[in-house]
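The structure file entry32.cif is reproduced below (mmCIF, C-alpha atoms and all ligand atoms).
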data_run
#
loop_
_atom_site.label_atom_id
_atom_site.label_comp_id
_atom_site.auth_asym_id
_atom_site.auth_seq_id
_atom_site.Cartn_x
_atom_site.Cartn_y
_atom_site.Cartn_z
CA MET A 403 24.14 60.73 -55.44
CA ALA A 404 26.57 62.17 -52.92
CA ARG A 405 27.25 65.85 -53.35
CA PRO A 406 30.82 66.60 -54.34
CA GLU A 407 32.68 67.98 -51.36
CA ARG A 408 33.75 71.57 -51.65
CA ARG A 409 37.06 72.02 -49.98
CA THR A 410 38.24 75.50 -49.32
CA VAL A 411 41.86 76.51 -48.77
CA ARG A 412 41.02 76.85 -45.07
CA ASP A 413 39.69 73.26 -44.94
CA LEU A 414 42.82 72.05 -46.63
CA ARG A 415 45.06 73.90 -44.20
CA LYS A 416 43.10 72.55 -41.24
CA GLY A 417 43.28 69.05 -42.71
CA ASN A 418 47.05 69.29 -43.18
CA ARG A 419 47.43 70.59 -39.64
CA ALA A 420 45.48 67.58 -38.33
CA VAL A 421 47.50 65.11 -40.41
CA LEU A 422 50.82 66.48 -39.14
CA LEU A 423 49.68 66.82 -35.54
CA ARG A 424 48.41 63.23 -35.55
CA ALA A 425 51.71 61.97 -36.98
CA LEU A 426 53.69 63.88 -34.35
CA TYR A 427 51.40 62.69 -31.57
CA PHE A 428 51.52 59.01 -32.42
CA VAL A 429 55.05 58.68 -33.80
CA GLY A 430 56.77 60.96 -31.29
CA PRO A 431 59.72 63.26 -32.00
CA THR A 432 60.07 63.46 -35.78
CA SER A 433 62.04 65.64 -38.21
CA ARG A 434 60.33 67.67 -40.95
CA HIS A 435 62.06 65.38 -43.44
CA GLU A 436 60.51 62.27 -41.86
CA LEU A 437 57.12 63.98 -41.64
CA THR A 438 57.17 64.48 -45.40
CA ALA A 439 57.70 60.75 -45.88
CA LEU A 440 55.17 59.77 -43.19
CA THR A 441 52.32 61.97 -44.38
CA GLY A 442 52.89 62.28 -48.13
CA LEU A 443 52.65 66.08 -47.82
CA SER A 444 55.12 68.23 -49.73
CA ALA A 445 58.21 69.59 -47.99
CA ALA A 446 56.87 73.13 -48.44
CA THR A 447 53.54 72.25 -46.80
CA VAL A 448 55.26 70.47 -43.91
CA SER A 449 57.51 73.47 -43.41
CA ASN A 450 54.59 75.97 -43.50
CA VAL A 451 52.24 74.06 -41.26
CA THR A 452 54.85 73.05 -38.69
CA GLY A 453 55.91 76.72 -38.65
CA ASP A 454 52.32 77.65 -37.72
CA LEU A 455 52.13 74.91 -35.11
CA LEU A 456 55.42 76.04 -33.57
CA SER A 457 54.37 79.68 -33.40
CA ASP A 458 51.07 78.60 -31.81
CA ASN A 459 53.11 76.63 -29.24
CA VAL A 460 51.15 73.46 -30.08
CA ILE A 461 54.41 71.72 -30.98
CA VAL A 462 57.95 72.33 -29.75
CA GLU A 463 61.47 71.46 -30.86
CA ALA A 464 62.82 68.31 -29.22
CA GLY A 465 66.54 68.17 -29.99
CA LEU A 466 68.52 67.32 -33.08
CA VAL A 467 69.15 64.16 -35.02
CA ASP A 468 72.05 63.46 -37.41
CA SER A 469 71.24 63.36 -41.08
CA ASP A 470 73.47 61.51 -43.54
CA GLY A 471 76.34 63.91 -43.86
CA GLY A 472 74.11 67.01 -43.95
CA ARG A 473 73.14 69.46 -41.26
CA PRO A 474 71.58 67.86 -38.17
CA ARG A 475 67.79 67.81 -38.41
CA VAL A 476 65.53 69.40 -35.81
CA LEU A 477 63.08 67.03 -34.14
CA LEU A 478 59.55 68.25 -33.50
CA ARG A 479 57.01 66.95 -31.01
CA VAL A 480 53.63 67.83 -29.56
CA ASN A 481 54.06 70.24 -26.63
CA PRO A 482 53.03 68.07 -23.66
CA VAL A 483 51.96 71.09 -21.63
CA TYR A 484 50.16 72.91 -24.44
CA GLY A 485 47.01 71.85 -22.67
CA TYR A 486 45.55 69.20 -20.38
CA ALA A 487 42.77 66.64 -20.60
CA ILE A 488 40.53 65.41 -17.81
CA GLY A 489 39.24 61.83 -17.95
CA VAL A 490 36.31 60.59 -15.85
CA ASP A 491 35.40 56.96 -15.23
CA VAL A 492 31.86 56.47 -13.97
CA GLY A 493 32.01 52.84 -12.87
CA GLU A 494 29.89 50.41 -10.86
CA THR A 495 31.77 51.09 -7.66
CA HIS A 496 33.40 54.49 -8.11
CA VAL A 497 33.64 57.80 -9.89
CA ARG A 498 37.27 58.44 -10.75
CA VAL A 499 38.57 61.72 -12.17
CA GLU A 500 42.11 62.07 -13.55
CA LEU A 501 43.97 64.98 -15.10
CA PHE A 502 46.59 64.28 -17.78
CA ASP A 503 49.08 66.31 -19.79
CA LEU A 504 49.19 65.64 -23.53
CA ASP A 505 51.77 62.86 -23.01
CA MET A 506 49.07 61.23 -20.85
CA ASN A 507 51.09 61.58 -17.68
CA GLU A 508 48.66 61.61 -14.79
CA LYS A 509 49.01 64.89 -12.91
CA ALA A 510 46.22 64.47 -10.36
CA LYS A 511 43.50 62.04 -9.42
CA ALA A 512 40.34 62.03 -7.30
CA GLU A 513 38.13 59.07 -6.50
CA PHE A 514 34.70 58.71 -4.89
CA ALA A 515 33.25 55.34 -3.88
CA LEU A 516 29.71 54.42 -4.92
CA ARG A 517 27.79 51.92 -2.82
CA PRO A 518 26.06 49.03 -4.62
CA GLY A 519 22.96 50.30 -6.35
CA GLY A 520 23.87 53.87 -5.36
CA HIS A 521 24.05 55.40 -8.81
CA GLU A 522 21.67 58.32 -8.34
CA VAL A 523 22.28 60.80 -11.13
CA GLU A 524 22.57 63.81 -8.80
CA LEU A 525 25.19 62.01 -6.70
CA VAL A 526 27.28 61.01 -9.72
CA VAL A 527 27.10 64.55 -11.14
CA ARG A 528 28.17 65.96 -7.77
CA HIS A 529 31.13 63.54 -7.60
CA ILE A 530 32.25 64.37 -11.14
CA LEU A 531 32.15 68.14 -10.51
CA ALA A 532 33.91 67.79 -7.15
CA GLY A 533 36.53 65.58 -8.83
CA ILE A 534 37.17 68.16 -11.54
CA GLU A 535 37.67 70.85 -8.90
CA ALA A 536 39.97 68.58 -6.89
CA VAL A 537 42.26 67.61 -9.79
CA LEU A 538 42.55 71.24 -10.92
CA ALA A 539 43.43 72.35 -7.38
CA ASP A 540 45.92 69.49 -6.81
CA SER A 541 47.71 69.93 -10.14
CA GLY A 542 47.70 73.74 -10.12
CA VAL A 543 46.38 73.66 -13.71
CA ALA A 544 44.10 76.59 -14.55
CA PRO A 545 40.69 75.72 -16.09
CA GLU A 546 41.55 77.66 -19.27
CA GLN A 547 44.48 75.28 -19.83
CA VAL A 548 42.13 72.29 -19.95
CA LEU A 549 41.15 71.26 -23.48
CA GLY A 550 38.12 69.33 -22.30
CA ILE A 551 36.63 66.65 -20.11
CA GLY A 552 36.07 63.12 -21.40
CA ILE A 553 33.61 60.93 -19.51
CA GLY A 554 33.27 57.15 -19.78
CA VAL A 555 29.90 55.86 -18.58
CA PRO A 556 28.08 52.53 -18.65
CA GLY A 557 25.30 51.98 -21.15
CA ILE A 558 24.38 53.60 -24.41
CA VAL A 559 25.35 57.22 -25.04
CA GLU A 560 23.38 59.17 -27.62
CA SER A 561 25.71 61.75 -29.02
CA GLY A 562 24.26 65.25 -29.12
CA PRO A 563 24.40 68.37 -27.00
CA ASP A 564 22.82 66.71 -23.94
CA ALA A 565 24.73 63.40 -24.19
CA LEU A 566 21.66 61.30 -23.31
CA ILE A 567 22.56 58.12 -21.45
CA HIS A 568 20.53 54.93 -21.33
CA ALA A 569 22.12 52.71 -18.69
CA GLN A 570 19.59 50.12 -17.59
CA THR A 571 21.94 48.59 -15.02
CA PHE A 572 22.24 52.02 -13.34
CA GLY A 573 18.51 52.70 -13.62
CA TRP A 574 19.37 55.64 -15.92
CA ASP A 575 16.76 56.20 -18.60
CA SER A 576 17.55 59.07 -21.00
CA VAL A 577 19.69 60.90 -18.44
CA PRO A 578 21.02 64.16 -19.99
CA LEU A 579 24.43 63.90 -18.30
CA GLY A 580 26.04 66.52 -20.55
CA ALA A 581 23.32 69.08 -19.82
CA LEU A 582 23.46 68.35 -16.07
CA LEU A 583 27.25 68.76 -15.93
CA ARG A 584 27.16 71.94 -17.95
CA GLU A 585 25.43 73.62 -15.03
CA GLY A 586 28.65 73.14 -13.09
CA THR A 587 31.41 73.52 -15.68
CA SER A 588 31.91 75.46 -18.88
CA LEU A 589 34.70 73.19 -20.19
CA PRO A 590 33.99 71.16 -23.36
CA LEU A 591 32.47 67.76 -22.55
CA TYR A 592 32.85 64.50 -24.46
CA VAL A 593 30.78 61.56 -23.20
CA ASP A 594 31.07 57.98 -24.42
CA ASN A 595 30.52 54.43 -23.26
CA GLY A 596 33.28 53.26 -20.91
CA ALA A 597 34.07 50.16 -22.96
CA LYS A 598 34.59 52.36 -26.00
CA THR A 599 36.87 54.76 -24.10
CA MET A 600 38.92 51.85 -22.75
CA GLY A 601 39.04 50.42 -26.24
CA GLN A 602 40.49 53.64 -27.57
CA ALA A 603 43.09 53.72 -24.76
CA GLU A 604 44.20 50.15 -25.56
CA LEU A 605 44.20 50.96 -29.27
CA TRP A 606 46.33 54.09 -28.87
CA PHE A 607 48.66 53.18 -26.03
CA GLY A 608 48.21 49.50 -25.15
CA ALA A 609 47.76 46.04 -26.61
CA GLY A 610 45.78 47.26 -29.62
CA ARG A 611 48.51 49.62 -30.81
CA GLY A 612 49.30 49.20 -34.49
CA SER A 613 46.15 47.23 -35.36
CA ARG A 614 43.55 48.57 -37.80
CA ASN A 615 40.86 45.96 -37.14
CA ALA A 616 40.50 44.99 -33.53
CA VAL A 617 37.95 44.27 -30.84
CA ILE A 618 38.61 45.32 -27.26
CA ALA A 619 36.48 43.16 -24.97
CA LEU A 620 35.82 44.66 -21.53
CA ILE A 621 34.74 42.29 -18.78
CA GLY A 622 33.97 43.69 -15.34
CA SER A 623 30.61 43.60 -13.63
CA GLY A 624 29.29 44.58 -17.03
CA VAL A 625 30.46 43.22 -20.36
CA GLY A 626 31.02 45.34 -23.46
CA ALA A 627 33.20 45.62 -26.51
CA SER A 628 34.79 48.31 -28.58
CA ILE A 629 34.93 47.41 -32.24
CA ILE A 630 37.66 49.07 -34.27
CA THR A 631 37.25 48.85 -38.02
CA ASP A 632 39.94 50.33 -40.21
CA GLY A 633 41.36 52.28 -37.26
CA VAL A 634 38.05 53.87 -36.21
CA THR A 635 35.59 52.89 -33.46
CA TYR A 636 32.43 51.45 -35.01
CA ARG A 637 29.38 53.10 -33.44
CA GLY A 638 26.33 52.04 -35.43
CA ALA A 639 23.26 54.17 -36.14
CA ASN A 640 22.83 55.45 -32.57
CA SER A 641 26.18 54.73 -30.95
CA SER A 642 25.02 51.54 -29.24
CA ALA A 643 27.23 49.16 -31.26
CA GLY A 644 29.41 46.93 -29.13
CA GLU A 645 26.78 45.78 -26.60
CA TRP A 646 28.48 42.41 -26.74
CA GLY A 647 27.38 41.58 -23.18
CA HIS A 648 23.75 41.48 -24.27
CA THR A 649 24.19 39.18 -27.23
CA LYS A 650 22.43 35.90 -26.45
CA ILE A 651 24.49 32.89 -25.54
CA ALA A 652 21.62 30.67 -24.25
CA LEU A 653 18.01 30.78 -25.42
CA GLY A 654 15.80 31.38 -22.38
CA GLY A 655 18.87 31.27 -20.16
CA ARG A 656 19.77 33.17 -16.98
CA THR A 657 18.13 36.53 -16.34
CA CYS A 658 20.44 39.44 -17.12
CA ARG A 659 20.64 42.82 -15.42
CA CYS A 660 19.14 44.30 -18.62
CA GLY A 661 15.95 42.33 -17.99
CA GLY A 662 16.57 39.94 -20.89
CA ARG A 663 17.48 36.29 -20.65
CA GLY A 664 20.48 34.31 -21.74
CA CYS A 665 22.79 37.30 -22.30
CA LEU A 666 26.55 36.70 -22.34
CA GLU A 667 26.88 39.13 -19.41
CA ALA A 668 24.61 36.89 -17.32
CA TYR A 669 27.34 34.21 -17.57
CA ILE A 670 30.71 35.97 -17.78
CA GLY A 671 30.08 39.28 -15.98
CA ALA A 672 31.88 39.28 -12.60
CA GLU A 673 28.69 39.36 -10.57
CA ALA A 674 27.15 36.62 -12.69
CA ILE A 675 30.18 34.39 -12.09
CA LEU A 676 30.01 34.90 -8.32
CA GLU A 677 26.26 34.34 -8.31
CA ARG A 678 26.63 31.10 -10.25
CA ALA A 679 29.22 30.00 -7.69
CA GLY A 680 26.70 30.70 -4.91
CA LEU A 681 28.80 33.51 -3.41
CA PRO A 682 27.30 36.62 -1.79
CA LEU A 683 27.64 39.80 -3.83
CA ASP A 684 29.82 42.44 -2.25
CA THR A 685 31.64 44.99 -4.39
CA ALA A 686 34.30 45.40 -1.69
CA THR A 687 35.39 41.76 -1.93
CA GLU A 688 34.34 40.66 -5.44
CA GLN A 689 37.82 40.98 -6.94
CA ALA A 690 39.34 38.77 -4.23
CA GLN A 691 36.41 36.33 -4.53
CA LEU A 692 36.86 35.95 -8.28
CA ALA A 693 40.64 35.54 -7.93
CA GLU A 694 40.03 32.80 -5.35
CA LEU A 695 37.55 30.99 -7.62
CA VAL A 696 40.13 31.05 -10.42
CA ARG A 697 42.93 29.91 -8.11
CA SER A 698 40.92 27.01 -6.68
CA GLY A 699 39.97 25.74 -10.15
CA SER A 700 36.22 26.03 -9.54
CA PRO A 701 34.01 24.27 -12.12
CA VAL A 702 32.09 27.54 -12.46
CA ILE A 703 35.28 29.06 -13.85
CA ASP A 704 35.69 26.18 -16.33
CA GLU A 705 32.16 26.85 -17.51
CA THR A 706 32.84 30.61 -17.66
CA VAL A 707 35.85 29.95 -19.91
CA GLU A 708 33.57 28.01 -22.29
CA TYR A 709 31.04 30.87 -22.43
CA LEU A 710 33.79 33.46 -22.85
CA GLY A 711 35.39 31.40 -25.63
CA ALA A 712 32.06 31.17 -27.46
CA GLY A 713 31.53 34.93 -27.01
CA LEU A 714 34.99 35.70 -28.43
CA ALA A 715 34.40 33.30 -31.33
CA ASN A 716 31.19 35.19 -32.16
CA LEU A 717 33.20 38.42 -32.31
CA ILE A 718 35.79 36.83 -34.58
CA ASN A 719 33.17 35.31 -36.90
CA LEU A 720 31.29 38.62 -37.11
CA PHE A 721 34.13 41.13 -37.42
CA ASN A 722 37.23 39.28 -38.62
CA PRO A 723 39.54 41.26 -36.31
CA GLU A 724 43.30 40.85 -36.50
CA ARG A 725 43.41 41.17 -32.72
CA ILE A 726 41.09 40.78 -29.75
CA VAL A 727 42.22 42.50 -26.58
CA VAL A 728 40.66 41.08 -23.41
CA GLY A 729 40.49 43.72 -20.66
CA GLY A 730 38.44 44.87 -17.69
CA TRP A 731 39.29 43.70 -14.17
CA ALA A 732 37.44 40.38 -14.43
CA GLY A 733 38.71 39.78 -17.98
CA LEU A 734 42.28 40.32 -16.81
CA THR A 735 41.82 38.08 -13.75
CA LEU A 736 40.52 35.26 -15.96
CA GLY A 737 43.00 35.94 -18.76
CA HIS A 738 46.14 36.07 -16.62
CA HIS A 739 45.52 32.50 -15.48
CA LEU A 740 43.49 30.92 -18.24
CA LEU A 741 44.38 32.55 -21.57
CA THR A 742 45.39 29.25 -23.19
CA LYS A 743 42.09 27.63 -22.22
CA ILE A 744 40.15 30.70 -23.34
CA LYS A 745 41.85 30.56 -26.76
CA LYS A 746 41.08 26.85 -27.02
CA ALA A 747 37.42 27.45 -26.20
CA ALA A 748 37.30 30.25 -28.79
CA ALA A 749 38.90 28.01 -31.44
CA GLU A 750 36.32 25.28 -30.82
CA ASN A 751 33.47 27.71 -31.52
CA CYS A 752 34.98 29.67 -34.39
CA LEU A 753 35.39 29.27 -38.13
CA THR A 754 38.94 28.07 -38.75
CA GLN A 755 40.08 30.70 -41.20
CA PRO A 756 39.17 33.89 -39.29
CA PHE A 757 40.39 32.30 -36.05
CA SER A 758 43.76 31.52 -37.60
CA THR A 759 44.35 35.18 -38.47
CA ALA A 760 43.15 36.62 -35.15
CA SER A 761 45.28 36.88 -32.04
CA ILE A 762 43.73 37.00 -28.58
CA VAL A 763 45.82 39.03 -26.15
CA LEU A 764 45.40 40.64 -22.75
CA GLY A 765 44.97 44.36 -22.22
CA ARG A 766 48.17 46.11 -21.15
CA LEU A 767 46.76 49.16 -19.46
CA GLY A 768 45.21 47.42 -16.47
CA PRO A 769 41.63 47.67 -15.32
CA ASP A 770 41.77 51.42 -14.70
CA ALA A 771 42.07 52.47 -18.32
CA VAL A 772 38.54 53.87 -18.60
CA ALA A 773 39.53 57.35 -17.31
CA LEU A 774 42.63 57.38 -19.52
CA GLY A 775 40.44 56.32 -22.43
CA ALA A 776 37.91 59.02 -21.62
CA ALA A 777 40.74 61.57 -21.78
CA THR A 778 41.58 60.31 -25.30
CA LEU A 779 38.17 61.65 -26.41
CA VAL A 780 39.54 65.09 -25.63
CA ILE A 781 42.85 64.37 -27.38
CA GLU A 782 41.00 63.06 -30.43
CA GLU A 783 39.18 66.37 -30.77
CA PHE A 784 42.44 68.29 -30.17
CA LEU A 785 44.21 66.36 -32.94
CA LEU A 786 41.33 66.75 -35.38
CA ASN A 787 40.19 70.31 -34.84
CA ASN A 788 43.09 72.11 -33.29
CA THR A 789 42.94 75.77 -34.02
CA ALA A 790 45.18 77.35 -31.46
CA SER A 791 43.72 79.63 -28.86
CA PRO A 792 46.35 82.29 -28.18
CA ALA A 793 45.20 82.60 -24.58
CA ARG A 794 45.72 78.91 -24.06
CA ALA A 795 49.03 78.87 -25.92
CA ALA A 796 50.26 81.70 -23.73
CA ALA A 797 48.97 80.06 -20.58
CA ALA A 798 50.79 76.84 -21.48
CA LEU A 799 54.13 78.59 -21.81
ZN ZN A 801 21.49 41.55 -21.01
#

Rewrite the coordinates I just gave you, this time as C-alpha cells.
Amino acid sequence: MARPERRTVRDLRKGNRAVLLRALYFVGPTSRHELTALTGLSAATVSNVTGDLLSDNVIVEAGLVDSDGGRPRVLLRVNPVYGYAIGVDVGETHVRVELFDLDMNEKAKAEFALRPGGHEVELVVRHILAGIEAVLADSGVAPEQVLGIGIGVPGIVESGPDALIHAQTFGWDSVPLGALLREGTSLPLYVDNGAKTMGQAELWFGAGRGSRNAVIALIGSGVGASIITDGVTYRGANSSAGEWGHTKIALGGRTCRCGGRGCLEAYIGAEAILERAGLPLDTATEQAQLAELVRSGSPVIDETVEYLGAGLANLINLFNPERIVVGGWAGLTLGHHLLTKIKKAAAENCLTQPFSTASIVLGRLGPDAVALGAATLVIEEFLLNNTASPARAAAAL
C-alpha cells in the first residue's frame, strides 16, 4: 500500500508557488483576481504568494487592466530577466548553444560544425563548454544569472548525476556527459534526448500547445518521438520511451544504424531516404538533396510517405493522441509538400476511431527547436522548484 504523503506547511507553500508561477508563465500577464479563478487557490493565498514572488523579483507588475466598475487591477507576469537559460543541441552535424531569457528570446548563439562520424565525446564536450563561454560573453550575462544548462542529445539518456548517454549512432556507450561537463562548469545541468526536448518546445510554444495527449514525431537523420500523456512527457522505466525510429516496420528489412533490421528509421530517416534513392551521403548537401527528391516526385518519396504513414498510424493506435506534430528538418521537408498524402497513408493503416479523433499537423518551431527545447528543461525546474536566490534576484535587477 502506498504510504500516505505527509505534506508540511513548507511543501504546501512551495506547491502553491509552483502553481502560480506556472499559471503566470503559460498564461502571460494575469491579475490576482484571474489567478484565483485559474488556479482554484483562495484570494488570500494568491495575495500572499504573489507578494513573496514580487519581493523575490521572480515576478513583476505588468500594467493595469480595467475591472468592471471597480479599481483597475494590476497585471502580474514572470520577470523575463529574473534569470537566463542555456539550451544546447548536440546534433548529427553540429553542436549549437543558445542563451535565452525567461520569455525565450534568444540573446546569443554559438555553433560548431561536426564532420560526419566526428562525434568524439571529448570534442563534443569541448564544443559545449566553448559555446557556453561564448554565449555568456556575447550576451553580457553573468554565470550567476544563469538558472541552468539544458542539453538535448541523441540516444537514450539515463537520468542520474552523471547523465549516462547510450547513443549507438554516435558510438557513445554509457558516456557520462553530465560528469564530463561538470569538470568545466558549475552551473546546473539537465540532459535529455533531443526528440524529447523538441517535443517539449512544440508542446509549450508550438503546434502542440493546448494539447494534453500528443506525440511529437522528430524526423531528421535519426527518427524519434516524444510522447505526451496527460500533459507530461512519458519516459518509461529508464527514460528510453519514444524510440519510435527503432520500431520494426519490415521483418528482416534494411539494416539500421542501430545494428537491427527493418527499423522505421532505416526507411524514413533522411540518410536512409537518400541511400534508397542511390544518392551519395553528404551532410552539407543532404537537405537540398531531399528537397529535390520531394520536388521531382521521386518514387522513393512515395514509398517513404507509405512507411511514414504506417509509422504514424502505429503511434495513433498505441497512444490515442489528440494530436501528432511532425517535426525535424526531414519531417518538415516531407510534410510541407506531402501532408495530405501522409495523412491518407496514416488513415489506411490505422483503426478508424482513434484516427478520426487525432489531427496530424506540422511543427511550428522549425527544425532548430532542439536547443530551445533543451532550455525548457531548465525552465521546467525553475517553475517547479523555484526558491529565490537573493543573489540572483539582485543580479537580475
Ligand atoms: Zn534501428

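Using all atoms listed in the file, the smallest distance between any of A:Leu653, A:Val543, A:Leu549, A:Ala686 and Asn787 (chain A) comes from A:Leu549.
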
Subject >> region 616-632 of chain A environment, 7 Å, all atoms listed in the file, sequence neighbours closer than 5 positions dropped, as a PyMOL selection string >> reply: chain A and resi 597-598+601+610+644-647+667+671-673+723-733

Proximity of chain A to ligand ZN 801 (chain A): per-residue shortest pair, 6 Å limit, only C-alpha atoms and all ligand atoms, as JSON lines:
{"residue": "A:His648", "atom": "CA", "partner": "A:ZN801", "partner_atom": "ZN", "distance": 4.0}
{"residue": "A:Cys658", "atom": "CA", "partner": "A:ZN801", "partner_atom": "ZN", "distance": 4.5}
{"residue": "A:Arg659", "atom": "CA", "partner": "A:ZN801", "partner_atom": "ZN", "distance": 5.8}
{"residue": "A:Cys660", "atom": "CA", "partner": "A:ZN801", "partner_atom": "ZN", "distance": 4.3}
{"residue": "A:Gly662", "atom": "CA", "partner": "A:ZN801", "partner_atom": "ZN", "distance": 5.2}
{"residue": "A:Cys665", "atom": "CA", "partner": "A:ZN801", "partner_atom": "ZN", "distance": 4.6}

Original post:
Which residues, written as JSON, numbers by chain, have at least one atom at most 7 Å from region 527-531 of chain A, with only C-alpha atoms counted and residues fewer than 5 positions away on the same chain left out?
Top reply: {"A": [497, 499, 514, 583, 586]}

Residue selection dump (C-alpha atoms) as a CSV table (one decimal), in the coordinates of the input:
chain,number,residue,atom,x,y,z
A,497,VAL,CA,33.6,57.8,-9.9
A,499,VAL,CA,38.6,61.7,-12.2
A,514,PHE,CA,34.7,58.7,-4.9
A,583,LEU,CA,27.2,68.8,-15.9
A,586,GLY,CA,28.6,73.1,-13.1

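Straight-line separation from CA of Gly765 (chain A) to CA of Arg611 (chain A): 10.7 Å.
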
Subject >> Pick from A:Leu676, A:Ala512, A:Leu443, A:Ile567, whichever lies nearest to Ala532 (chain A) using only C-alpha atoms >> reply: A:Ala512

Subject >> Residues within 12 Å of Leu683 (chain A), only C-alpha atoms, excluding chain neighbours under 5 positions, as a VMD selection string >> reply: chain A and resid 518 to 519 623 672 to 678 688 to 692

Subject >> Distance of CA of Ala603 (chain A) from CA of Thr432 (chain A), expressed in Å to one decimal place >> reply: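 CA of Ala603 (chain A) lies 22.5 Å from CA of Thr432 (chain A).
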
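Nearest to Ala643 (chain A) of all the residues A:Ile553, A:Leu734, A:Val559, A:Ala715 is A:Val559, based on only C-alpha atoms.
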